[in-house]
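J.: So here's target.cif, just mmCIF, C-alpha atoms and all ligand atoms:
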data_model
#
loop_
_atom_site.label_atom_id
_atom_site.label_comp_id
_atom_site.auth_asym_id
_atom_site.auth_seq_id
_atom_site.Cartn_x
_atom_site.Cartn_y
_atom_site.Cartn_z
CA MET A 1 57.05 -31.61 -138.45
CA ALA A 2 54.43 -31.43 -141.22
CA THR A 3 54.04 -34.49 -143.44
CA PRO A 4 55.40 -33.72 -146.91
CA LYS A 5 52.78 -33.41 -149.64
CA LEU A 6 52.21 -36.34 -151.99
CA THR A 7 53.31 -35.35 -155.47
CA LEU A 8 50.85 -36.36 -158.21
CA ALA A 9 50.69 -36.47 -161.99
CA VAL A 10 47.55 -37.03 -164.06
CA HIS A 11 48.36 -38.36 -167.52
CA LYS A 12 45.99 -38.77 -170.45
CA LEU A 13 46.40 -41.38 -173.19
CA THR A 14 43.58 -42.36 -175.63
CA SER A 15 40.42 -41.33 -173.76
CA CYS A 16 37.59 -38.80 -173.47
CA SER A 17 39.10 -36.99 -170.44
CA GLY A 18 36.03 -37.77 -168.31
CA CYS A 19 37.90 -39.55 -165.51
CA GLN A 20 40.18 -36.58 -164.89
CA LEU A 21 37.04 -34.70 -163.91
CA ALA A 22 36.98 -36.78 -160.71
CA PHE A 23 39.70 -34.39 -159.53
CA LEU A 24 38.20 -31.17 -160.89
CA ASN A 25 34.57 -31.96 -160.00
CA GLN A 26 35.33 -31.77 -156.29
CA GLY A 27 34.67 -28.05 -156.30
CA THR A 28 36.01 -26.35 -153.19
CA ALA A 29 37.06 -29.73 -151.74
CA LEU A 30 39.85 -29.62 -154.33
CA LEU A 31 41.32 -26.65 -152.43
CA ASP A 32 41.31 -28.71 -149.19
CA MET A 33 42.95 -31.56 -151.07
CA LEU A 34 45.78 -29.25 -152.12
CA GLU A 35 46.79 -28.99 -148.45
CA GLU A 36 47.95 -32.61 -148.77
CA VAL A 37 48.93 -33.13 -152.41
CA GLU A 38 50.72 -31.25 -155.14
CA PHE A 39 50.03 -31.74 -158.84
CA LEU A 40 53.20 -31.62 -160.93
CA HIS A 41 51.50 -32.61 -164.18
CA PHE A 42 47.80 -32.25 -164.97
CA ILE A 43 47.13 -30.72 -168.37
CA GLU A 44 43.36 -30.48 -167.87
CA ALA A 45 44.08 -28.23 -164.86
CA GLY A 46 46.71 -26.24 -166.78
CA ILE A 47 49.79 -27.78 -165.10
CA GLU A 48 52.39 -29.17 -167.48
CA GLY A 49 55.34 -31.34 -166.44
CA PRO A 50 54.99 -34.76 -168.09
CA GLU A 51 58.54 -35.81 -167.17
CA GLN A 52 58.40 -34.78 -163.50
CA ALA A 53 59.22 -37.50 -160.96
CA VAL A 54 56.14 -38.08 -158.74
CA ASP A 55 54.90 -40.27 -155.90
CA VAL A 56 51.72 -41.27 -157.77
CA ALA A 57 50.93 -41.11 -161.48
CA PHE A 58 47.24 -41.46 -162.33
CA VAL A 59 46.81 -42.65 -165.91
CA GLU A 60 43.63 -42.22 -167.92
CA GLY A 61 43.18 -43.77 -171.36
CA SER A 62 44.06 -46.91 -173.26
CA ILE A 63 47.18 -47.85 -175.15
CA SER A 64 45.93 -47.40 -178.70
CA THR A 65 48.79 -45.67 -180.51
CA PRO A 66 52.60 -45.98 -180.62
CA GLU A 67 52.77 -42.62 -178.81
CA ASP A 68 50.56 -43.95 -175.95
CA LEU A 69 52.98 -46.83 -175.49
CA GLU A 70 56.03 -44.59 -175.47
CA ARG A 71 54.45 -42.21 -172.93
CA ALA A 72 53.31 -45.07 -170.67
CA ARG A 73 56.85 -46.45 -170.52
CA ALA A 74 58.26 -43.00 -169.77
CA LEU A 75 55.82 -42.21 -166.94
CA ARG A 76 56.47 -45.60 -165.35
CA LYS A 77 60.14 -44.65 -164.99
CA ASN A 78 59.22 -41.34 -163.31
CA SER A 79 56.60 -42.61 -160.84
CA LYS A 80 56.78 -44.53 -157.57
CA LEU A 81 53.19 -45.75 -158.03
CA VAL A 82 51.19 -46.00 -161.25
CA VAL A 83 47.40 -46.04 -160.82
CA THR A 84 45.09 -46.53 -163.79
CA ILE A 85 41.77 -44.65 -163.71
CA GLY A 86 38.69 -45.57 -165.72
CA ALA A 87 37.58 -48.19 -168.22
CA CYS A 88 40.00 -47.17 -170.98
CA ALA A 89 43.11 -47.44 -168.82
CA THR A 90 42.00 -50.60 -167.00
CA SER A 91 40.56 -52.68 -169.86
CA GLY A 92 40.92 -50.77 -173.13
CA GLY A 93 37.57 -48.97 -172.93
CA ILE A 94 34.92 -48.48 -175.59
CA GLN A 95 37.64 -48.15 -178.22
CA ALA A 96 38.65 -51.79 -177.52
CA LEU A 97 35.54 -52.81 -179.48
CA ARG A 98 37.79 -52.53 -182.51
CA ASN A 99 39.84 -55.45 -181.19
CA MET A 100 36.98 -57.65 -182.35
CA ALA A 101 36.74 -56.00 -185.78
CA ASP A 102 38.85 -55.63 -188.91
CA GLY A 103 40.52 -52.29 -188.05
CA PRO A 104 42.29 -51.70 -191.38
CA ALA A 105 39.02 -52.35 -193.26
CA TRP A 106 37.23 -49.76 -191.08
CA GLN A 107 40.00 -47.22 -191.63
CA ALA A 108 39.84 -47.75 -195.39
CA ALA A 109 36.06 -47.29 -195.32
CA ILE A 110 36.14 -44.10 -193.20
CA TYR A 111 39.31 -42.15 -194.08
CA ALA A 112 40.34 -40.83 -197.48
CA ARG A 113 44.02 -41.41 -196.52
CA PRO A 114 44.11 -44.31 -194.01
CA ASP A 115 47.90 -44.40 -194.36
CA PHE A 116 47.95 -41.19 -192.25
CA ILE A 117 46.47 -43.04 -189.25
CA ALA A 118 49.11 -44.11 -186.71
CA THR A 119 47.48 -46.71 -184.52
CA LEU A 120 48.31 -50.03 -182.91
CA ALA A 121 46.42 -53.17 -183.94
CA THR A 122 44.53 -53.18 -180.61
CA SER A 123 43.33 -50.88 -177.84
CA THR A 124 44.36 -52.34 -174.49
CA GLY A 125 44.59 -51.50 -170.80
CA VAL A 126 47.83 -50.01 -169.48
CA ALA A 127 48.69 -53.08 -167.36
CA GLU A 128 49.15 -55.12 -170.53
CA HIS A 129 52.24 -53.01 -171.25
CA ILE A 130 53.78 -51.70 -168.01
CA LYS A 131 53.60 -52.60 -164.31
CA VAL A 132 50.51 -51.03 -162.71
CA ASP A 133 50.27 -50.80 -158.91
CA PHE A 134 46.53 -50.18 -158.51
CA GLU A 135 43.43 -49.89 -160.68
CA LEU A 136 40.38 -47.68 -160.17
CA TRP A 137 37.64 -49.09 -162.41
CA GLY A 138 34.65 -47.11 -163.66
CA CYS A 139 33.34 -45.20 -166.64
CA PRO A 140 33.99 -42.67 -165.35
CA ILE A 141 35.57 -43.15 -161.92
CA THR A 142 33.92 -41.25 -159.09
CA VAL A 143 35.29 -38.50 -156.85
CA GLU A 144 34.77 -40.86 -153.88
CA GLN A 145 36.92 -43.63 -155.40
CA MET A 146 39.79 -41.24 -156.02
CA ARG A 147 39.55 -39.57 -152.59
CA HIS A 148 39.27 -42.92 -150.80
CA PHE A 149 42.39 -44.19 -152.57
CA LEU A 150 44.42 -41.08 -151.68
CA ARG A 151 43.18 -41.15 -148.08
CA GLN A 152 44.45 -44.71 -147.68
CA LEU A 153 47.84 -43.71 -149.06
CA ARG A 154 48.05 -40.72 -146.71
CA LEU A 155 47.24 -42.97 -143.73
CA GLY A 156 49.84 -45.53 -144.77
CA VAL A 157 47.19 -48.19 -145.44
CA GLN A 158 47.58 -50.64 -148.31
CA PRO A 159 44.75 -49.62 -150.70
CA ARG A 160 42.26 -52.44 -151.24
CA PRO A 161 40.34 -52.94 -154.48
CA GLU A 162 36.55 -52.56 -154.42
CA ALA A 163 35.39 -55.63 -156.34
CA GLU A 164 32.09 -56.48 -154.66
CA LYS A 165 29.15 -57.22 -156.97
CA LEU A 166 26.67 -54.47 -157.86
CA CYS A 167 23.78 -56.71 -156.69
CA MET A 168 25.04 -56.42 -153.11
CA GLU A 169 24.79 -52.65 -153.22
CA CYS A 170 21.42 -52.85 -154.97
CA LYS A 171 20.03 -55.10 -152.21
CA ARG A 172 21.44 -52.95 -149.39
CA ARG A 173 19.48 -50.05 -150.89
CA LEU A 174 16.31 -52.18 -150.86
CA GLN A 175 15.81 -51.74 -154.59
CA VAL A 176 13.47 -53.91 -156.60
CA CYS A 177 15.38 -56.29 -158.88
CA VAL A 178 14.68 -55.41 -162.52
CA MET A 179 15.78 -58.85 -163.69
CA VAL A 180 13.41 -60.73 -161.36
CA THR A 181 10.42 -58.39 -161.75
CA ARG A 182 10.76 -57.27 -165.37
CA GLY A 183 13.03 -59.81 -167.01
CA ALA A 184 15.54 -57.07 -167.81
CA PRO A 185 19.04 -58.42 -168.67
CA CYS A 186 20.95 -56.76 -165.82
CA LEU A 187 24.73 -57.27 -165.52
CA GLY A 188 24.60 -56.56 -161.77
CA PRO A 189 25.54 -60.12 -160.70
CA VAL A 190 28.93 -59.89 -162.48
CA VAL A 191 29.73 -56.15 -162.34
CA ARG A 192 31.68 -54.45 -159.58
CA THR A 193 30.04 -51.87 -157.43
CA GLY A 194 30.87 -48.16 -157.44
CA CYS A 195 27.86 -46.20 -158.70
CA GLY A 196 25.35 -46.86 -155.92
CA ALA A 197 23.33 -49.20 -158.19
CA LEU A 198 22.09 -46.14 -160.03
CA CYS A 199 20.30 -47.70 -163.00
CA PRO A 200 18.22 -50.32 -161.14
CA ALA A 201 17.05 -47.44 -158.91
CA PHE A 202 15.45 -45.99 -162.04
CA GLY A 203 14.05 -49.32 -163.22
CA ARG A 204 16.65 -50.15 -165.85
CA ALA A 205 19.27 -52.85 -166.21
CA CYS A 206 22.97 -52.27 -165.54
CA TYR A 207 25.30 -52.39 -168.53
CA GLY A 208 28.52 -52.54 -166.58
CA CYS A 209 30.40 -49.25 -166.16
CA PHE A 210 32.63 -50.58 -163.37
CA GLY A 211 33.89 -53.76 -165.06
CA PRO A 212 33.91 -57.36 -163.87
CA SER A 213 33.43 -58.00 -160.15
CA GLU A 214 35.30 -60.51 -158.04
CA GLN A 215 34.54 -64.11 -159.10
CA PRO A 216 32.07 -63.21 -161.87
CA ASN A 217 30.01 -66.21 -162.98
CA CYS A 218 29.39 -64.91 -166.50
CA ASP A 219 28.51 -68.37 -167.88
CA SER A 220 25.60 -68.63 -165.50
CA LEU A 221 24.36 -65.07 -166.06
CA ALA A 222 24.58 -65.43 -169.85
CA ASN A 223 22.55 -68.65 -169.65
CA ARG A 224 19.98 -66.74 -167.59
CA PHE A 225 19.84 -64.07 -170.32
CA ALA A 226 19.17 -66.85 -172.85
CA GLY A 227 16.36 -68.05 -170.55
CA LEU A 228 14.91 -64.53 -170.63
CA GLY A 229 14.70 -64.82 -174.41
CA LEU A 230 17.81 -62.92 -175.57
CA LEU A 231 19.31 -64.20 -178.82
CA PRO A 232 23.01 -65.18 -178.87
CA ASP A 233 24.02 -61.98 -180.64
CA ASP A 234 22.18 -59.86 -178.04
CA ILE A 235 23.92 -61.73 -175.22
CA ALA A 236 27.31 -61.20 -176.90
CA ARG A 237 26.56 -57.48 -177.12
CA ARG A 238 25.62 -57.21 -173.43
CA PHE A 239 29.15 -58.30 -172.57
CA ALA A 240 30.85 -56.46 -175.45
CA ALA A 241 30.19 -52.95 -174.21
CA ILE A 242 32.26 -50.70 -171.95
CA HIS A 243 34.65 -53.41 -170.74
CA SER A 244 34.61 -55.64 -173.83
CA HIS A 245 38.34 -56.43 -173.57
CA SER A 246 38.30 -57.49 -169.89
CA VAL A 247 38.98 -61.23 -169.81
CA PRO A 248 35.64 -62.56 -168.44
CA PHE A 249 33.50 -60.31 -170.63
CA ARG A 250 35.64 -60.94 -173.71
CA GLU A 251 35.35 -64.71 -173.25
CA GLN A 252 31.59 -64.50 -172.85
CA SER A 253 31.16 -62.25 -175.83
CA ARG A 254 33.18 -64.64 -178.03
CA ARG A 255 31.28 -67.63 -176.71
CA TRP A 256 27.89 -66.22 -177.69
CA GLN A 257 29.07 -64.74 -180.98
CA SER A 258 29.96 -68.26 -182.06
CA ILE A 259 26.58 -69.78 -181.14
CA ASP A 260 24.04 -70.15 -183.92
CA VAL A 261 20.51 -69.35 -182.77
CA ARG A 262 19.37 -72.78 -184.08
CA GLU A 263 21.66 -74.51 -181.55
CA LEU A 264 19.51 -73.14 -178.72
CA ASP A 265 16.51 -75.16 -179.89
CA GLU A 266 18.40 -78.47 -179.96
S1 LIG B 1 18.50 -55.12 -160.45
FE1 LIG B 1 20.46 -55.85 -161.25
S2 LIG B 1 21.95 -55.17 -159.72
FE2 LIG B 1 19.93 -55.08 -158.72
S3 LIG B 1 19.70 -57.09 -157.71
FE3 LIG B 1 18.74 -57.24 -159.74
S4 LIG B 1 20.35 -58.10 -161.05
FE4 LIG B 1 21.37 -57.28 -159.21
S1 LIG B 2 25.12 -49.06 -165.98
FE1 LIG B 2 25.46 -50.21 -164.05
S2 LIG B 2 27.46 -49.49 -163.32
FE2 LIG B 2 26.74 -48.00 -164.85
S3 LIG B 2 25.67 -46.40 -163.67
FE3 LIG B 2 24.12 -47.91 -164.31
S4 LIG B 2 23.99 -49.35 -162.61
FE4 LIG B 2 25.89 -48.21 -162.33
#
Now that the file is in, can you turn its structure into structure tokens?
Ligand code: SF4
Ligand code: SF4
T.:
Amino acid sequence: MATPKLTLAVHKLTSCSGCQLAFLNQGTALLDMLEEVEFLHFIEAGIEGPEQAVDVAFVEGSISTPEDLERARALRKNSKLVVTIGACATSGGIQALRNMADGPAWQAAIYARPDFIATLATSTGVAEHIKVDFELWGCPITVEQMRHFLRQLRLGVQPRPEAEKLCMECKRRLQVCVMVTRGAPCLGPVVRTGCGALCPAFGRACYGCFGPSEQPNCDSLANRFAGLGLLPDDIARRFAAIHSHSVPFREQSRRWQSIDVRELDE
């Protein structure tokens, strides 16, 4: 007897829609995939059914508005597994930079009628609000990550997170280290792998699309950045980028924001 197809939903909260392209960018491989899965909700592919019960709900986007929160709670009830995809859904994304700022002051400066803006005080990852079963980090996630996850589910294997450091991948590819040879402030020692160490291959430092790795020693790396000559504010900004609200990067960013440059000379 044929194995029943996995039923899937792809939901979008506050995001740019880029991670959903991991499904659509497969080209003809998407047709092969449809032999094994069935999408019951995927607006970007023209399939609408946000309240359908599914085996796996993929969620893109952060919880930034009251509507995001309401929809996240609803999809949790309708899904056996909830899987967050991308930086926004896993750690709040670029928009979480506002968590470190005075949001109402920004709104008043930008909008003629800020009272029309319905937003929460923070932008946060989905797991801060509902139970999440698995996280696919990345900005954006890759086709391979998504396919690997689904393959494990189909084979009845417990999916395992990829949290190895980017440096490991960089070294396996025999790339020259941009931090050692050029003094470039590369986040590779604390960032999880996933991109194939793309930027060091082109001679530039990594700025952390895939979020914190396993056991990231951010204190040590930040001290190394200071040794390379970066000022405290520059170090804070290295960590306050794509995954600024992830715990290790947030802590490091706050630490260096609070350091006066004169303290480094003492
Ligand atoms: S270039 Fe970056 S990722 Fe590669 S080994 Fe050096 S620090 Fe690690
Ligand atoms: S910034 Fe880092 S994680 Fe992003 S593509 Fe470049 S090397 Fe990969």
J.: Which residues are near stretch 126-138 of chain A? Cut-off 7 Å, all atoms listed in the file, ignore same chain within fewer than 2 positions. Put them as a PDB file with C-alpha atoms, keeping the file's coordinate frame.
T.:
ATOM      1  CA  SER A  62      44.060 -46.910-173.260  1.00  0.00           C
ATOM      2  CA  ILE A  63      47.180 -47.850-175.150  1.00  0.00           C
ATOM      3  CA  ARG A  73      56.850 -46.450-170.520  1.00  0.00           C
ATOM      4  CA  LEU A  81      53.190 -45.750-158.030  1.00  0.00           C
ATOM      5  CA  VAL A  82      51.190 -46.000-161.250  1.00  0.00           C
ATOM      6  CA  VAL A  83      47.400 -46.040-160.820  1.00  0.00           C
ATOM      7  CA  THR A  84      45.090 -46.530-163.790  1.00  0.00           C
ATOM      8  CA  ILE A  85      41.770 -44.650-163.710  1.00  0.00           C
ATOM      9  CA  GLY A  86      38.690 -45.570-165.720  1.00  0.00           C
ATOM     10  CA  ALA A  87      37.580 -48.190-168.220  1.00  0.00           C
ATOM     11  CA  ALA A  89      43.110 -47.440-168.820  1.00  0.00           C
ATOM     12  CA  THR A  90      42.000 -50.600-167.000  1.00  0.00           C
ATOM     13  CA  THR A 124      44.360 -52.340-174.490  1.00  0.00           C
ATOM     14  CA  PRO A 140      33.990 -42.670-165.350  1.00  0.00           C
ATOM     15  CA  ILE A 141      35.570 -43.150-161.920  1.00  0.00           C
ATOM     16  CA  CYS A 209      30.400 -49.250-166.160  1.00  0.00           C
ATOM     17  CA  PHE A 210      32.630 -50.580-163.370  1.00  0.00           C
ATOM     18  CA  GLY A 211      33.890 -53.760-165.060  1.00  0.00           C
TER      19      GLY A 211
END
J.: Smallest atom-to-atom distance to ligand LIG 2 (chain B): which of A:Ser213, A:Ser17, A:Ser64, A:Gln107, using only C-alpha atoms and all ligand atoms?
T.: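 Distance minimum relative to ligand LIG 2 (chain B) lands on A:Ser213.
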J.: For ligand LIG 1 (chain B), which residue among A:Arg254, A:Arg71, A:Arg192, A:Lys171 is the nearest when counting all atoms listed in the file?
T.: A:Lys171
J.: Residues within 7 Å of ligand LIG 1 (chain B) (all atoms listed in the file), as a PyMOL selection string?
T.: chain A and resi 166-167+170-171+175-180+186-189+197+200+205-206
J.: Atom CA of A:Ser246 to atom CA of A:Ser91: how many Å, to one decimal?
T.: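 We find that atom CA of A:Ser246 and atom CA of A:Ser91 lie 5.3 Å from each other.
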J.: Quick one: residues within 10 Å of A:Val143, only C-alpha atoms counted, chain neighbours fewer than 3 positions away excluded, as a ChimeraX atom specification?
T.: /A:19-26,140,146-148
J.: For ligand LIG 2 (chain B), which residue among A:His41, A:Arg172, A:His245, A:Lys165 is the nearest when counting only C-alpha atoms and all ligand atoms?
T.: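 Ranked by minimum distance to ligand LIG 2 (chain B), first place goes to A:Lys165.
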J.: Can you work out which one of A:Glu214, A:Thr142, A:Ala226, A:Ser258 has the shortest atom-to-atom distance to ligand LIG 2 (chain B), counting all atoms listed in the file?
T.: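 That would be A:Thr142, the residue with the smallest distance to ligand LIG 2 (chain B).
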J.: Taking into account all atoms listed in the file, which residue in the set A:Met100, A:Val37, A:Ala118, A:Val56 is nearest to A:Gln257?
T.: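 Looking at the shortest contact to A:Gln257, the residue is A:Met100.
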